[in-house]
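Colleague: So I've got this file, target_28.pdb, and it contains PDB, C-alpha atoms and all ligand atoms:
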ATOM      1  CA  MET E 299       0.000   0.000   0.000
ATOM      2  CA  SER E 300       1.464   3.365  -0.903
ATOM      3  CA  VAL E 301       1.129   6.114   1.681
ATOM      4  CA  ARG E 302       1.185   9.846   1.082
ATOM      5  CA  SER E 303       3.555  11.898   3.197
ATOM      6  CA  PHE E 304       3.714  15.656   3.628
ATOM      7  CA  ILE E 305       7.342  16.663   3.545
ATOM      8  CA  SER E 306       7.107  19.686   1.276
ATOM      9  CA  ILE E 307       4.368  21.863  -0.171
ATOM     10  CA  ALA E 308       5.779  20.598  -3.479
ATOM     11  CA  ASP E 309       4.228  17.195  -2.581
ATOM     12  CA  LEU E 310       0.756  18.679  -3.082
ATOM     13  CA  GLN E 311      -1.023  19.221  -6.372
ATOM     14  CA  SER E 312      -2.588  22.690  -6.575
ATOM     15  CA  ALA E 313      -6.058  21.123  -6.461
ATOM     16  CA  GLU E 314      -5.134  19.170  -3.324
ATOM     17  CA  LEU E 315      -3.894  22.323  -1.645
ATOM     18  CA  ALA E 316      -7.097  24.156  -2.564
ATOM     19  CA  ALA E 317      -9.178  21.272  -1.196
ATOM     20  CA  LEU E 318      -7.164  21.207   2.034
ATOM     21  CA  LEU E 319      -7.806  24.914   2.546
ATOM     22  CA  GLU E 320     -11.539  24.380   1.983
ATOM     23  CA  ARG E 321     -11.577  21.536   4.423
ATOM     24  CA  ALA E 322      -9.645  23.548   7.011
ATOM     25  CA  ALA E 323     -12.197  26.352   6.714
ATOM     26  CA  ALA E 324     -14.945  23.817   7.432
ATOM     27  CA  MET E 325     -12.923  22.486  10.368
ATOM     28  CA  LYS E 326     -12.661  25.984  11.797
ATOM     29  CA  ARG E 327     -16.334  26.749  11.244
ATOM     30  CA  ASP E 328     -17.516  23.443  12.724
ATOM     31  CA  ARG E 329     -14.869  23.234  15.435
ATOM     32  CA  ARG E 330     -17.269  22.047  18.112
ATOM     33  CA  SER E 331     -19.330  19.765  15.917
ATOM     34  CA  ALA E 332     -16.765  17.987  13.745
ATOM     35  CA  GLY E 333     -17.289  14.667  15.542
ATOM     36  CA  THR E 334     -14.459  12.196  16.093
ATOM     37  CA  PRO E 335     -13.240  11.113  12.664
ATOM     38  CA  LEU E 336      -9.813  10.232  14.104
ATOM     39  CA  ARG E 337     -11.166   8.030  16.863
ATOM     40  CA  GLY E 338      -8.766   5.144  17.440
ATOM     41  CA  ARG E 339      -5.998   6.819  15.368
ATOM     42  CA  SER E 340      -2.670   7.797  16.845
ATOM     43  CA  LEU E 341       0.090  10.286  16.103
ATOM     44  CA  ALA E 342       3.718  10.420  17.279
ATOM     45  CA  GLN E 343       5.719  13.661  17.315
ATOM     46  CA  ILE E 344       9.496  13.254  17.270
ATOM     47  CA  PHE E 345      11.136  16.648  17.708
ATOM     48  CA  GLU E 346      14.813  17.625  17.691
ATOM     49  CA  LYS E 347      14.061  21.328  18.193
ATOM     50  CA  PRO E 348      11.706  23.260  20.478
ATOM     51  CA  SER E 349       8.098  23.876  19.481
ATOM     52  CA  LEU E 350       5.036  25.574  20.928
ATOM     53  CA  ARG E 351       2.541  26.098  18.122
ATOM     54  CA  THR E 352       3.242  23.082  15.931
ATOM     55  CA  ARG E 353       3.374  20.606  18.774
ATOM     56  CA  LEU E 354       0.317  21.926  20.592
ATOM     57  CA  SER E 355      -1.646  22.282  17.346
ATOM     58  CA  PHE E 356      -1.016  18.636  16.476
ATOM     59  CA  ASP E 357      -1.904  17.581  20.030
ATOM     60  CA  MET E 358      -5.146  19.546  20.009
ATOM     61  CA  ALA E 359      -6.029  18.533  16.454
ATOM     62  CA  MET E 360      -5.825  14.883  17.518
ATOM     63  CA  VAL E 361      -7.653  15.462  20.820
ATOM     64  CA  GLU E 362     -10.490  17.430  19.225
ATOM     65  CA  LEU E 363     -10.955  14.852  16.449
ATOM     66  CA  GLY E 364     -10.967  11.949  18.885
ATOM     67  CA  GLY E 365      -7.446  10.590  18.299
ATOM     68  CA  HIS E 366      -4.344  10.332  20.445
ATOM     69  CA  SER E 367      -0.961  12.064  20.278
ATOM     70  CA  SER E 368       2.410  11.142  21.849
ATOM     71  CA  TYR E 369       5.436  13.450  22.035
ATOM     72  CA  LEU E 370       9.001  12.154  22.012
ATOM     73  CA  SER E 371      11.786  14.534  22.956
ATOM     74  CA  PRO E 372      15.321  14.446  21.491
ATOM     75  CA  GLN E 373      16.650  12.901  24.723
ATOM     76  CA  GLU E 374      14.244   9.979  24.390
ATOM     77  CA  VAL E 375      14.783   9.128  20.732
ATOM     78  CA  GLY E 376      18.241  10.298  19.630
ATOM     79  CA  LEU E 377      17.361   9.987  15.921
ATOM     80  CA  GLY E 378      20.401   8.605  14.111
ATOM     81  CA  ARG E 379      22.535   8.647  17.248
ATOM     82  CA  ARG E 380      20.996   6.287  19.783
ATOM     83  CA  GLU E 381      19.299   4.359  17.020
ATOM     84  CA  SER E 382      19.353   4.523  13.236
ATOM     85  CA  VAL E 383      16.752   6.720  11.574
ATOM     86  CA  ALA E 384      15.517   3.704   9.585
ATOM     87  CA  ASP E 385      15.030   1.571  12.701
ATOM     88  CA  VAL E 386      13.084   4.339  14.455
ATOM     89  CA  ALA E 387      10.894   4.648  11.355
ATOM     90  CA  ARG E 388      10.182   0.904  11.270
ATOM     91  CA  VAL E 389       9.272   0.781  14.967
ATOM     92  CA  VAL E 390       7.113   3.900  14.888
ATOM     93  CA  SER E 391       5.319   2.545  11.795
ATOM     94  CA  ARG E 392       4.258  -0.520  13.791
ATOM     95  CA  LEU E 393       2.849   1.505  16.664
ATOM     96  CA  VAL E 394       1.080   4.618  15.364
ATOM     97  CA  ASP E 395      -0.803   5.759  12.270
ATOM     98  CA  VAL E 396       1.049   8.976  11.407
ATOM     99  CA  VAL E 397       4.269  10.676  12.531
ATOM    100  CA  VAL E 398       5.482  14.288  12.673
ATOM    101  CA  LEU E 399       9.206  15.016  12.632
ATOM    102  CA  ARG E 400      10.986  18.276  13.464
ATOM    103  CA  THR E 401      14.647  17.914  12.606
ATOM    104  CA  HIS E 402      17.833  19.877  12.160
ATOM    105  CA  ALA E 403      18.533  18.361   8.744
ATOM    106  CA  HIS E 404      15.820  18.068   6.123
ATOM    107  CA  GLU E 405      17.462  14.853   4.867
ATOM    108  CA  THR E 406      16.622  13.150   8.175
ATOM    109  CA  ILE E 407      12.910  13.466   7.371
ATOM    110  CA  GLU E 408      13.463  12.151   3.841
ATOM    111  CA  GLU E 409      15.545   9.260   5.188
ATOM    112  CA  PHE E 410      12.844   8.461   7.753
ATOM    113  CA  ALA E 411      10.126   8.490   5.080
ATOM    114  CA  ARG E 412      12.034   5.929   2.990
ATOM    115  CA  SER E 413      11.708   3.357   5.801
ATOM    116  CA  SER E 414       8.279   4.393   7.051
ATOM    117  CA  SER E 415       5.084   2.617   6.124
ATOM    118  CA  ILE E 416       2.911   5.377   7.617
ATOM    119  CA  PRO E 417       2.528   9.013   6.488
ATOM    120  CA  VAL E 418       5.383  11.283   7.561
ATOM    121  CA  ILE E 419       4.746  14.978   8.188
ATOM    122  CA  ASN E 420       7.490  17.589   8.167
ATOM    123  CA  GLY E 421       6.963  19.624  11.350
ATOM    124  CA  LEU E 422       9.887  21.941  10.387
ATOM    125  CA  SER E 423      13.344  21.303   9.037
ATOM    126  CA  ASP E 424      16.226  23.611   8.204
ATOM    127  CA  LEU E 425      14.837  23.896   4.658
ATOM    128  CA  SER E 426      11.088  24.018   4.942
ATOM    129  CA  HIS E 427       8.089  24.378   7.209
ATOM    130  CA  PRO E 428       5.139  23.199   5.151
ATOM    131  CA  CYS E 429       2.692  23.066   8.099
ATOM    132  CA  GLN E 430       3.423  26.759   8.630
ATOM    133  CA  GLY E 431       2.915  27.354   4.914
ATOM    134  CA  LEU E 432      -0.580  25.871   5.160
ATOM    135  CA  ALA E 433      -1.441  28.053   8.148
ATOM    136  CA  ASP E 434      -0.053  31.116   6.372
ATOM    137  CA  ILE E 435      -1.873  30.703   3.099
ATOM    138  CA  PHE E 436      -5.078  29.813   4.958
ATOM    139  CA  THR E 437      -4.787  33.013   7.011
ATOM    140  CA  ILE E 438      -4.123  35.149   3.938
ATOM    141  CA  ARG E 439      -7.160  33.663   2.200
ATOM    142  CA  GLU E 440      -9.298  34.113   5.304
ATOM    143  CA  ARG E 441      -8.347  37.788   5.546
ATOM    144  CA  LYS E 442      -8.073  38.776   1.915
ATOM    145  CA  GLY E 443     -10.215  36.361  -0.112
ATOM    146  CA  ASP E 444      -9.330  35.331  -3.672
ATOM    147  CA  LEU E 445      -5.582  34.686  -3.520
ATOM    148  CA  ARG E 446      -5.093  35.497  -7.199
ATOM    149  CA  LYS E 447      -5.924  39.120  -6.371
ATOM    150  CA  VAL E 448      -3.643  39.413  -3.363
ATOM    151  CA  THR E 449      -0.085  40.734  -3.119
ATOM    152  CA  ALA E 450       2.002  39.647  -0.155
ATOM    153  CA  ALA E 451       5.446  40.881   0.814
ATOM    154  CA  TYR E 452       7.886  38.784   2.814
ATOM    155  CA  VAL E 453      10.734  40.800   4.281
ATOM    156  CA  GLY E 454      13.678  39.008   5.830
ATOM    157  CA  ASP E 455      15.518  35.726   5.749
ATOM    158  CA  GLY E 456      14.983  33.424   2.755
ATOM    159  CA  ASN E 457      14.585  30.553   5.204
ATOM    160  CA  ASN E 458      12.411  27.479   5.824
ATOM    161  CA  VAL E 459       9.296  29.602   6.367
ATOM    162  CA  ALA E 460       9.966  31.666   3.227
ATOM    163  CA  HIS E 461      10.493  28.513   1.147
ATOM    164  CA  SER E 462       7.155  27.024   2.152
ATOM    165  CA  LEU E 463       5.301  30.328   1.775
ATOM    166  CA  MET E 464       6.813  30.744  -1.675
ATOM    167  CA  LEU E 465       5.601  27.303  -2.784
ATOM    168  CA  CYS E 466       2.132  27.956  -1.357
ATOM    169  CA  ALA E 467       1.980  31.245  -3.239
ATOM    170  CA  ALA E 468       3.122  29.580  -6.438
ATOM    171  CA  LYS E 469       0.419  26.924  -6.186
ATOM    172  CA  THR E 470      -2.439  29.268  -5.336
ATOM    173  CA  GLY E 471      -1.856  32.211  -7.683
ATOM    174  CA  LEU E 472      -0.771  34.674  -4.977
ATOM    175  CA  THR E 473       1.672  37.426  -5.895
ATOM    176  CA  LEU E 474       4.603  37.222  -3.477
ATOM    177  CA  ARG E 475       7.473  39.692  -3.301
ATOM    178  CA  ILE E 476      10.394  38.598  -1.189
ATOM    179  CA  ALA E 477      13.058  41.040  -0.004
ATOM    180  CA  SER E 478      16.135  39.558   1.658
ATOM    181  CA  PRO E 479      19.649  40.898   2.173
ATOM    182  CA  ALA E 480      22.068  39.756  -0.545
ATOM    183  CA  GLY E 481      23.256  36.276   0.311
ATOM    184  CA  PHE E 482      20.136  35.467   2.359
ATOM    185  CA  GLU E 483      17.658  34.968  -0.480
ATOM    186  CA  PRO E 484      15.633  31.740  -0.760
ATOM    187  CA  LEU E 485      17.642  28.795  -2.108
ATOM    188  CA  ALA E 486      17.801  28.274  -5.868
ATOM    189  CA  ARG E 487      16.098  24.883  -5.786
ATOM    190  CA  TYR E 488      13.017  26.320  -4.017
ATOM    191  CA  ARG E 489      12.973  29.288  -6.364
ATOM    192  CA  GLU E 490      12.969  26.929  -9.324
ATOM    193  CA  LEU E 491      10.185  24.788  -7.885
ATOM    194  CA  ALA E 492       8.171  27.918  -7.196
ATOM    195  CA  GLN E 493       8.705  29.388 -10.665
ATOM    196  CA  GLN E 494       7.667  26.084 -12.203
ATOM    197  CA  ALA E 495       4.406  25.992 -10.217
ATOM    198  CA  ALA E 496       3.832  29.705 -10.796
ATOM    199  CA  ARG E 497       3.867  29.221 -14.549
ATOM    200  CA  GLU E 498       0.847  26.942 -14.171
ATOM    201  CA  SER E 499      -1.086  28.986 -11.611
ATOM    202  CA  GLY E 500      -0.348  32.488 -12.869
ATOM    203  CA  ALA E 501       1.285  33.415  -9.555
ATOM    204  CA  ARG E 502       4.079  35.983  -9.553
ATOM    205  CA  ILE E 503       7.077  35.330  -7.338
ATOM    206  CA  GLU E 504       9.557  38.189  -7.244
ATOM    207  CA  ILE E 505      12.784  38.058  -5.269
ATOM    208  CA  GLY E 506      14.869  41.127  -4.527
ATOM    209  CA  ASN E 507      16.831  43.008  -1.904
ATOM    210  CA  ASP E 508      14.704  46.124  -1.348
ATOM    211  CA  PRO E 509      12.188  45.935   1.537
ATOM    212  CA  ALA E 510      10.423  49.202   0.569
ATOM    213  CA  ALA E 511       9.874  48.029  -3.012
ATOM    214  CA  ALA E 512       8.519  44.683  -1.804
ATOM    215  CA  VAL E 513       6.090  46.230   0.684
ATOM    216  CA  ARG E 514       4.776  49.011  -1.569
ATOM    217  CA  ASP E 515       0.963  48.651  -1.835
ATOM    218  CA  ALA E 516       1.048  45.086  -0.490
ATOM    219  CA  ASP E 517      -2.046  43.529   1.103
ATOM    220  CA  VAL E 518       0.000  41.387   3.482
ATOM    221  CA  VAL E 519       3.398  42.017   5.077
ATOM    222  CA  TYR E 520       5.171  39.007   6.564
ATOM    223  CA  THR E 521       8.424  38.593   8.420
ATOM    224  CA  ASP E 522      10.270  35.881  10.349
ATOM    225  CA  VAL E 523      13.308  35.753  12.622
ATOM    226  CA  TRP E 524      16.728  36.584  11.202
ATOM    227  CA  THR E 525      18.369  33.769  13.146
ATOM    228  CA  SER E 526      16.517  30.476  13.025
ATOM    229  CA  MET E 527      16.802  27.600  15.469
ATOM    230  CA  GLY E 528      20.182  25.947  14.998
ATOM    231  CA  GLN E 529      21.834  29.123  13.615
ATOM    232  CA  GLU E 530      22.571  30.720  16.992
ATOM    233  CA  GLN E 531      26.305  30.884  16.293
ATOM    234  CA  GLU E 532      25.554  33.166  13.298
ATOM    235  CA  TYR E 533      23.538  35.606  15.400
ATOM    236  CA  GLU E 534      25.904  38.620  15.251
ATOM    237  CA  ARG E 535      26.685  38.261  11.556
ATOM    238  CA  ARG E 536      22.999  38.003  10.738
ATOM    239  CA  ARG E 537      22.003  40.912  12.948
ATOM    240  CA  ARG E 538      24.413  43.117  11.020
ATOM    241  CA  ALA E 539      23.403  41.773   7.609
ATOM    242  CA  PHE E 540      19.685  42.351   8.246
ATOM    243  CA  GLN E 541      19.915  46.008   9.274
ATOM    244  CA  GLY E 542      17.294  47.868   7.232
ATOM    245  CA  PHE E 543      15.029  44.808   7.036
ATOM    246  CA  GLN E 544      13.071  45.422  10.233
ATOM    247  CA  LEU E 545       9.293  45.454   9.909
ATOM    248  CA  ASN E 546       8.494  48.705  11.704
ATOM    249  CA  ALA E 547       5.841  51.410  11.403
ATOM    250  CA  ALA E 548       7.779  53.285   8.692
ATOM    251  CA  LEU E 549       8.041  50.193   6.487
ATOM    252  CA  LEU E 550       4.448  49.144   7.122
ATOM    253  CA  ALA E 551       3.272  52.625   6.113
ATOM    254  CA  LYS E 552       4.286  51.788   2.527
ATOM    255  CA  ALA E 553       1.784  48.913   2.354
ATOM    256  CA  LYS E 554      -1.936  49.342   1.677
ATOM    257  CA  PRO E 555      -3.766  50.995   4.578
ATOM    258  CA  ASP E 556      -5.657  47.764   5.265
ATOM    259  CA  ALA E 557      -2.593  45.510   4.958
ATOM    260  CA  VAL E 558      -2.284  42.776   7.580
ATOM    261  CA  VAL E 559       0.914  41.855   9.398
ATOM    262  CA  MET E 560       2.013  38.245   9.713
ATOM    263  CA  HIS E 561       4.743  36.433  11.628
ATOM    264  CA  ASP E 562       4.973  32.716  12.316
ATOM    265  CA  LEU E 563       6.276  33.301  15.870
ATOM    266  CA  PRO E 564       8.250  33.131  18.055
ATOM    267  CA  ALA E 565       9.297  36.697  17.295
ATOM    268  CA  HIS E 566      12.562  38.273  18.281
ATOM    269  CA  ARG E 567      10.878  41.525  19.269
ATOM    270  CA  GLY E 568      12.925  44.606  18.471
ATOM    271  CA  GLU E 569      14.916  42.745  15.798
ATOM    272  CA  GLU E 570      12.907  41.696  12.740
ATOM    273  CA  ILE E 571       9.711  43.364  14.010
ATOM    274  CA  THR E 572       8.862  46.103  16.483
ATOM    275  CA  ASP E 573       6.439  45.673  19.385
ATOM    276  CA  GLU E 574       4.344  48.462  17.895
ATOM    277  CA  VAL E 575       3.748  46.512  14.664
ATOM    278  CA  LEU E 576       3.488  43.049  16.204
ATOM    279  CA  ASP E 577       0.974  44.234  18.793
ATOM    280  CA  GLY E 578      -0.708  46.745  16.491
ATOM    281  CA  PRO E 579      -4.222  46.646  15.055
ATOM    282  CA  ARG E 580      -3.116  45.173  11.725
ATOM    283  CA  SER E 581      -1.375  42.174  13.238
ATOM    284  CA  VAL E 582      -3.056  38.819  12.603
ATOM    285  CA  VAL E 583      -0.307  36.735  14.159
ATOM    286  CA  PHE E 584      -2.534  35.063  16.734
ATOM    287  CA  ASP E 585      -5.141  34.129  14.112
ATOM    288  CA  GLN E 586      -2.238  32.679  12.160
ATOM    289  CA  ALA E 587      -1.163  30.682  15.240
ATOM    290  CA  GLU E 588      -4.687  29.364  15.849
ATOM    291  CA  ASN E 589      -5.187  28.548  12.194
ATOM    292  CA  LYS E 590      -2.333  26.082  12.303
ATOM    293  CA  MET E 591      -4.531  23.729  14.297
ATOM    294  CA  HIS E 592      -7.377  23.973  11.786
ATOM    295  CA  VAL E 593      -5.156  23.267   8.787
ATOM    296  CA  LEU E 594      -3.467  20.393  10.588
ATOM    297  CA  LYS E 595      -6.848  18.826  11.283
ATOM    298  CA  ALA E 596      -7.573  18.936   7.567
ATOM    299  CA  LEU E 597      -4.121  17.549   6.777
ATOM    300  CA  LEU E 598      -4.444  14.668   9.264
ATOM    301  CA  CYS E 599      -7.892  13.701   7.982
ATOM    302  CA  TRP E 600      -6.570  13.734   4.440
ATOM    303  CA  LEU E 601      -3.449  11.676   5.155
ATOM    304  CA  LEU E 602      -5.446   9.208   7.243
ATOM    305  CA  ALA E 603      -8.312   9.193   4.731
ATOM    306  CA  ALA E 604     -10.756   9.987   7.512
ATOM    307  CA  PRO E 605     -14.182  11.384   6.740
ATOM    308  CA  ALA E 606     -14.386  14.991   7.836
ATOM    309  CA  ALA E 607     -16.293  18.203   7.458
ATOM    310  CA  GLY E 608     -15.596  19.938   4.192
ATOM    311  CA  GLY E 609     -15.625  16.795   2.061
ATOM    312  CA  GLN E 610     -12.821  14.673   0.708
ATOM    313  CA  VAL E 611      -9.575  16.030  -0.652
ATOM    314  CA  ALA E 612      -9.288  14.816  -4.208
TER     315      ALA E 612
HETATM  316  N1  LIG E 701      12.564  30.151  10.864
HETATM  317  C1  LIG E 701      12.201  29.771  12.218
HETATM  318  C2  LIG E 701      10.781  29.285  12.264
HETATM  319  C3  LIG E 701      10.281  28.932  13.649
HETATM  320  C4  LIG E 701       8.875  28.412  13.679
HETATM  321  C5  LIG E 701      13.147  28.692  12.712
HETATM  322  O1  LIG E 701      13.429  27.755  11.977
HETATM  323  O2  LIG E 701      13.611  28.810  13.836
END
Before we go any further, please render this structure as structure tokens.
Ligand code: NVA
Modeller:
Amino acid sequence: MSVRSFISIADLQSAELAALLERAAAMKRDRRSAGTPLRGRSLAQIFEKPSLRTRLSFDMAMVELGGHSSYLSPQEVGLGRRESVADVARVVSRLVDVVVLRTHAHETIEEFARSSSIPVINGLSDLSHPCQGLADIFTIRERKGDLRKVTAAYVGDGNNVAHSLMLCAAKTGLTLRIASPAGFEPLARYRELAQQAARESGARIEIGNDPAAAVRDADVVYTDVWTSMGQEQEYERRRRAFQGFQLNAALLAKAKPDAVVMHDLPAHRGEEITDEVLDGPRSVVFDQAENKMHVLKALLCWLLAAPAAGGQVA
């Protein structure tokens, strides 16, 4: 039996992504009456890095849909150190129905998936954060409607979050302008994947180095930390390189007056974003955080082929 995993947004057809977003909207609307489609199903979360939103969203998605979730910390598992990645995958596949991995190296998730007989979900790697991408594109659609008419600006590091957002944009027809300091742009292989998908959807993905140009008249302004988990030793170099890329009131003033502000959190307040903007009236960061649970419910039901509100994902 072949199983579908969710390791990158690139794993989804555009129609599947659209159907997942529909289903997530139904999940949010019917939160208290969705029943227990995941009754008797179980999830394991194996994390090498800290997590608040992703971990708790998966826990609550399982709880609210009637399933069960177990968390395994790095000390307990020691992926590839205490035990080979393949052996962990084979054991976990015998015990639960679906697994979420958060790893330092993206290849660890790919290696795990090769030996897994259950769906594997990428809960963040150094290269991508597709669960965040789902929450982000869902939030943009919820706030701004038809994605083909929306322009979003992402200002900051061309990192895991930017890669997944870029692929979501490319598959949904969103216009996305990314401004990163030279040398910190999204990686070429993600840019190529995005441009390929954009040709089919009509999306426009523009990558440059000028925050003001990216934000001008945008409907959405997004930023993420300059130093991601695992890059702590680069902190000073990055802090210097990203001067001029802070999302503050002056930069936000260049966007449309009704533009919303997004951040995947945790924020490094006073670095990539000011308190004034993060806590301001245009910030939707806590909707974005909540929405992760709704999209993950839709994702879990899809991967586990469970009946759920919002119909089947094709
Ligand atoms: N780019 C950040 C995202 C955290 C959710 C990191 O990898 O640390």
Colleague: Under the rule that all atoms listed in the file are counted, which of E:Asn420, E:Ser355, E:Trp524, E:Glu409 is the nearest residue to Phe304 in chain E?
Modeller: E:Asn420
Colleague: Extract, using only C-alpha atoms, all DNA, RNA and protein residues at most 9 Å from Val575 in chain E, discarding same-chain residues fewer than 3 positions from it, and format them as a list of chain:residue names.
Modeller: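 With the cut-off at 9 Å, the set is E:Leu545, E:Asn546, E:Ala547, E:Leu550, E:Val559, E:Ile571, E:Thr572, E:Gly578, E:Pro579, E:Arg580, E:Ser581.
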Colleague: So, counting all atoms listed in the file, which residue among E:Gln430, E:Ile476, E:Ser462, E:Arg487 is closest to ligand LIG 701 (chain E)?
Modeller: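 That would be E:Gln430, the residue with the smallest distance to ligand LIG 701 (chain E).
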Colleague: Can you write out as a tab-separated table which residues of chain E fall within 8 Å of ligand LIG 701 (chain E), alongside each residue's closest atom pair and its distance in Å to one decimal, counting only C-alpha atoms and all ligand atoms and ordering rows by chain and ascending residue number?
Modeller:
residue	atom	partner	partner_atom	distance
E:Ser349	CA	E:LIG701	C4	7.4
E:Leu422	CA	E:LIG701	O1	7.0
E:Ser423	CA	E:LIG701	O1	7.1
E:Asp424	CA	E:LIG701	O1	6.3
E:His427	CA	E:LIG701	C2	7.5
E:Gln430	CA	E:LIG701	C4	7.6
E:Asn457	CA	E:LIG701	N1	6.0
E:Asn458	CA	E:LIG701	N1	5.7
E:Val459	CA	E:LIG701	N1	5.6
E:Asp522	CA	E:LIG701	N1	6.2
E:Val523	CA	E:LIG701	N1	5.9
E:Trp524	CA	E:LIG701	N1	7.7
E:Thr525	CA	E:LIG701	O2	6.9
E:Ser526	CA	E:LIG701	O2	3.4
E:Met527	CA	E:LIG701	O2	3.8
E:Gly528	CA	E:LIG701	O2	7.3
E:Asp562	CA	E:LIG701	C4	6.0
E:Leu563	CA	E:LIG701	C4	6.0
E:Pro564	CA	E:LIG701	C3	6.4
Colleague: Could you list, as a VMD selection string, every residue within 9 Å of range 538-540 of chain E, counting only C-alpha atoms and ignoring same-chain residues fewer than 6 positions away?
Modeller: chain E and resid 454 to 455 478 to 480 482 524 569 to 570
Colleague: Write a file of the just-selected residues containing C-alpha atoms, as a short mmCIF file (atom, residue, chain, number, x, y, z; two decimals), keeping the file's coordinate frame.
Modeller:
data_model
loop_
_atom_site.label_atom_id
_atom_site.label_comp_id
_atom_site.auth_asym_id
_atom_site.auth_seq_id
_atom_site.Cartn_x
_atom_site.Cartn_y
_atom_site.Cartn_z
CA GLY E 454 13.68 39.01 5.83
CA ASP E 455 15.52 35.73 5.75
CA SER E 478 16.14 39.56 1.66
CA PRO E 479 19.65 40.90 2.17
CA ALA E 480 22.07 39.76 -0.55
CA PHE E 482 20.14 35.47 2.36
CA TRP E 524 16.73 36.58 11.20
CA GLU E 569 14.92 42.74 15.80
CA GLU E 570 12.91 41.70 12.74
#
Colleague: Apply the PyMOL selection byres (((chain E and resi 352) around 12) and not hetatm) to the file shown and report the selected residues as number ranges by chain.
Modeller: E: 343-345, 347-351, 353-359, 369, 398-400, 419-422, 427-433, 562-564, 586-595
Colleague: For Asp395 in chain E, find every residue with an atom within 9 Å (counting only C-alpha atoms), except residues of its own chain fewer than 4 positions away, and show them as a list in words.
Modeller: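 Counting only C-alpha atoms, the residues come to Arg339, Ser340, Leu341, Ala342, Val390, Ser391, Ile416, Pro417 and Leu602 of chain E.
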Colleague: Can you rebuild range 334-349 of chain E with N, CA and C atoms and give it as a short mmCIF file (atom, residue, chain, number, x, y, z; two decimals), keeping the file's coordinate frame?
Modeller:
data_model
loop_
_atom_site.label_atom_id
_atom_site.label_comp_id
_atom_site.auth_asym_id
_atom_site.auth_seq_id
_atom_site.Cartn_x
_atom_site.Cartn_y
_atom_site.Cartn_z
N THR E 334 -15.74 12.81 15.73
CA THR E 334 -14.46 12.20 16.09
C THR E 334 -13.94 11.31 14.96
N PRO E 335 -13.67 11.93 13.81
CA PRO E 335 -13.24 11.11 12.66
C PRO E 335 -11.90 10.41 12.88
N LEU E 336 -11.12 10.87 13.86
CA LEU E 336 -9.81 10.23 14.10
C LEU E 336 -9.84 9.33 15.34
N ARG E 337 -11.03 8.94 15.72
CA ARG E 337 -11.17 8.03 16.86
C ARG E 337 -10.36 6.75 16.60
N GLY E 338 -9.56 6.37 17.58
CA GLY E 338 -8.77 5.14 17.44
C GLY E 338 -7.49 5.34 16.64
N ARG E 339 -7.22 6.57 16.14
CA ARG E 339 -6.00 6.82 15.37
C ARG E 339 -4.98 7.50 16.27
N SER E 340 -3.71 7.27 15.96
CA SER E 340 -2.67 7.80 16.84
C SER E 340 -1.55 8.46 16.06
N LEU E 341 -0.96 9.46 16.70
CA LEU E 341 0.09 10.29 16.10
C LEU E 341 1.30 10.28 17.04
N ALA E 342 2.50 10.21 16.47
CA ALA E 342 3.72 10.42 17.28
C ALA E 342 4.41 11.67 16.77
N GLN E 343 4.95 12.47 17.69
CA GLN E 343 5.72 13.66 17.32
C GLN E 343 7.14 13.46 17.83
N ILE E 344 8.09 13.44 16.91
CA ILE E 344 9.50 13.25 17.27
C ILE E 344 10.23 14.55 16.92
N PHE E 345 10.61 15.30 17.94
CA PHE E 345 11.14 16.65 17.71
C PHE E 345 12.58 16.77 18.18
N GLU E 346 13.43 17.33 17.32
CA GLU E 346 14.81 17.62 17.69
C GLU E 346 15.01 19.09 18.10
N LYS E 347 13.97 19.90 17.87
CA LYS E 347 14.06 21.33 18.19
C LYS E 347 12.82 21.71 18.99
N PRO E 348 12.88 22.84 19.70
CA PRO E 348 11.71 23.26 20.48
C PRO E 348 10.50 23.57 19.60
N SER E 349 9.32 23.54 20.21
CA SER E 349 8.10 23.88 19.48
C SER E 349 7.00 24.24 20.47
#
